[in-house]
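Below is one structure; the comments refer to it alone.
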Amino acid sequence: MSVPYSKAPIFARAERMLAEVADFSFTPANRICRCLHCSTAFPTNEVSATANDVETVLNEICEVLKAHEDRYNGVIVDIENMQNDASRFAASLKASLSQWARQGKKGVWIKVPKDQAKLVPVAIEVGFWYHHAEPSYVMLVYWIPQTSPTIPDNASHQVGIAAFVFNEEGQALVVQEKSGPYKHSRLWKMQGEGIKEGAIREVHEETGNIDTEFVEVVGFRDGHNAPFGKSDFLFVCMLRSVSSNIVVQDTEISAAKWMAIEEFASQPKNQQSKLLKDMIGICCANVKGRSKGFSGIAGISSNSRRSSAFYCSALHSQ
């Protein structure tokens with residue numbers, strides 16, 4: 001004889017029910033799991049339960065995780081304010097996946113802050129996998145449909161910049177690094193990191209008082225086999241100095257000075273690499289007006305509504 005569920009030991013009962021249902025699936029919304037007999041939960045009564053029964057019990061005790069929809073019919077879960085309780089998280093996660101499956105959702109994203117890292121193994125056990133990580137969190141992802149996932153891969157490129165800073169005297173601003181592959185080479189290098197505002201900021205931070213204005217992107221290098229299996233974009237930008245007094249940032253830079261552009265370009269290491277030689281040659285030609293790069297057009301992204309810049313060659317009147 002079947003008896004109605006009592007609410008007293010309902011949390012423990014739901015865990016036992018889920019443990020008993022070996023083939024419980026969250027993927028097809030209309031799939032019913034096999035019947036189970038909760039003799040361990042009800043010593044004197046045999047109770048049969050379907051997937052809907054399990055879901056009903058779970059929904060009574062398990063708060064569905066807070067989430068918002070993404071643009072691809074998936075959900076992004078917010079667990080930052082959730083208690084760091086692995087057992088309750090496991091039950092809520094299973095209940096949530098069941099509900100999202102019924103709703104026809106696809107990808108599920110969970111951003112786990114580092115202070116809640118104990119929840120990561122729980123999600124992995126359910127079927128989530130690692131997508132990417134940052135210093136403060138790890139991003140996990142799950143694919144609900146029983147089809148090949150269309151989750152985009154983690155970012156495939158890293159982006160850097162080389163800033164060619166010149167002044168009215170025909171000099172380039174160069175630095176020697178304290179660390180990295182050229183720290184003992186005495187090679188004077190171009191500045192950089194970021195694009196436009198980032199390049200201006202970095203030049204100012206590493207050389208103290210050198211203020212610059214962005215001119216244009218001369219070009220970019222597309223490289224592969226960068227650290228961590230990534231590819232690498234290096235944007236070469238032209239910056240015009242509006243001040244000249246150098247104060248070296250001694251945490252990263254061992255020396256900085258103004259150097260004649262021809263002297264900078266003729267350094268042996270700059271001549272040994274054809275790619276580097278060509279890059280510097282284009283910068284020198286740009287300073288002399290023999291080459292034109294890409295200037296930035298500011299705008300707002302239609303998708304993210306964030307400020308953006310489109311880099312292109314200048315339009316010429318017909």
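Letters for chains follow the order of the structure tokens (A, B, ...), residue numbers begin at 1 for each chain, and ligand numbers begin at 1 in the order shown.
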Stretch 268-304 of chain A: residues DSSP assigns to helix (DSSP H, G or I), reported as JSON, numbers by chain: {"A": [268, 269, 270, 271, 272, 274, 275, 276, 277, 278, 279, 280, 281, 282, 283, 284, 285, 286, 287]}
Contacts of A:Glu197 at 10 Å or less, counting only C-alpha atoms, minus same-chain residues fewer than 5 places along, as a list of chain:residue names? A:Glu202, A:Thr212, A:Glu213, A:Phe214
Keeping N, CA, C and O atoms, export the residues of the selection given above as a PDB file, in the first residue's frame.
ATOM      1  N   GLU A 202      49.642  52.525 -19.534  1.00  0.00           N
ATOM      2  CA  GLU A 202      50.862  51.767 -19.258  1.00  0.00           C
ATOM      3  C   GLU A 202      52.114  52.594 -19.484  1.00  0.00           C
ATOM      4  O   GLU A 202      53.065  52.524 -18.708  1.00  0.00           O
ATOM      5  N   THR A 212      50.878  60.769 -23.244  1.00  0.00           N
ATOM      6  CA  THR A 212      50.839  60.551 -24.687  1.00  0.00           C
ATOM      7  C   THR A 212      49.415  60.692 -25.205  1.00  0.00           C
ATOM      8  O   THR A 212      48.452  60.680 -24.435  1.00  0.00           O
ATOM      9  N   GLU A 213      49.296  60.818 -26.487  1.00  0.00           N
ATOM     10  CA  GLU A 213      48.006  60.770 -27.143  1.00  0.00           C
ATOM     11  C   GLU A 213      48.042  59.679 -28.201  1.00  0.00           C
ATOM     12  O   GLU A 213      49.041  59.486 -28.894  1.00  0.00           O
ATOM     13  N   PHE A 214      46.948  58.949 -28.291  1.00  0.00           N
ATOM     14  CA  PHE A 214      46.866  57.835 -29.228  1.00  0.00           C
ATOM     15  C   PHE A 214      46.774  58.368 -30.654  1.00  0.00           C
ATOM     16  O   PHE A 214      46.000  59.285 -30.938  1.00  0.00           O
TER      17      PHE A 214
END
Quick one: residues within 6 Å of A:Leu234, only C-alpha atoms counted, chain neighbours fewer than 5 positions away excluded, as a list of chain:residue names?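 My reading of the contact set: A:Val159, A:Gly160, A:Ile161, A:Phe220, A:Arg221.
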Residues of the last selection are to be written out with C-alpha atoms, as a CSV table (one decimal), in the first residue's frame.
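File produced: part-v6.csv:
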chain,number,residue,atom,x,y,z
A,159,VAL,CA,46.0,40.3,-26.5
A,160,GLY,CA,49.0,42.5,-25.9
A,161,ILE,CA,50.3,45.8,-27.3
A,220,PHE,CA,48.9,43.5,-35.5
A,221,ARG,CA,50.7,40.2,-35.3
Using only C-alpha atoms, what table do you get, as CSV, when you list each residue of stretch 58-103 of chain A with an atom no more than 10 Å from stretch 143-146 of chain A, its nearest pair of atoms, and their distance in Å rounded to one decimal, rows by chain then rising number?
residue,atom,partner,partner_atom,distance
A:Gly74,CA,A:Trp143,CA,8.9
A:Leu97,CA,A:Ile144,CA,7.8
A:Ser98,CA,A:Ile144,CA,9.3
A:Trp100,CA,A:Ile144,CA,8.3
A:Ala101,CA,A:Ile144,CA,6.5
Could those residues be written to a file, using C-alpha atoms, as a compact mmCIF listing (two decimals), in the first residue's frame?
# COMPACT_ATOMS: atom_id res chain seq x y z
CA GLY A 74 20.53 28.71 -21.41
CA LEU A 97 18.43 20.87 -13.65
CA SER A 98 15.19 18.92 -13.67
CA TRP A 100 15.35 23.67 -16.56
CA ALA A 101 15.11 20.47 -18.60
Between A:Cys237, A:Thr207, A:Gln158, A:Val64, single out the one closest to A:Asp222, counting only C-alpha atoms.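 Checking each of A:Cys237, A:Thr207, A:Gln158, A:Val64 against A:Asp222, counting only C-alpha atoms, the winner is A:Gln158.
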From A:Leu93, A:Leu275, A:Ala256, A:Val287, residue lying nearest A:Glu177 [only C-alpha atoms]: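 That would be A:Ala256, the residue with the smallest distance to A:Glu177.
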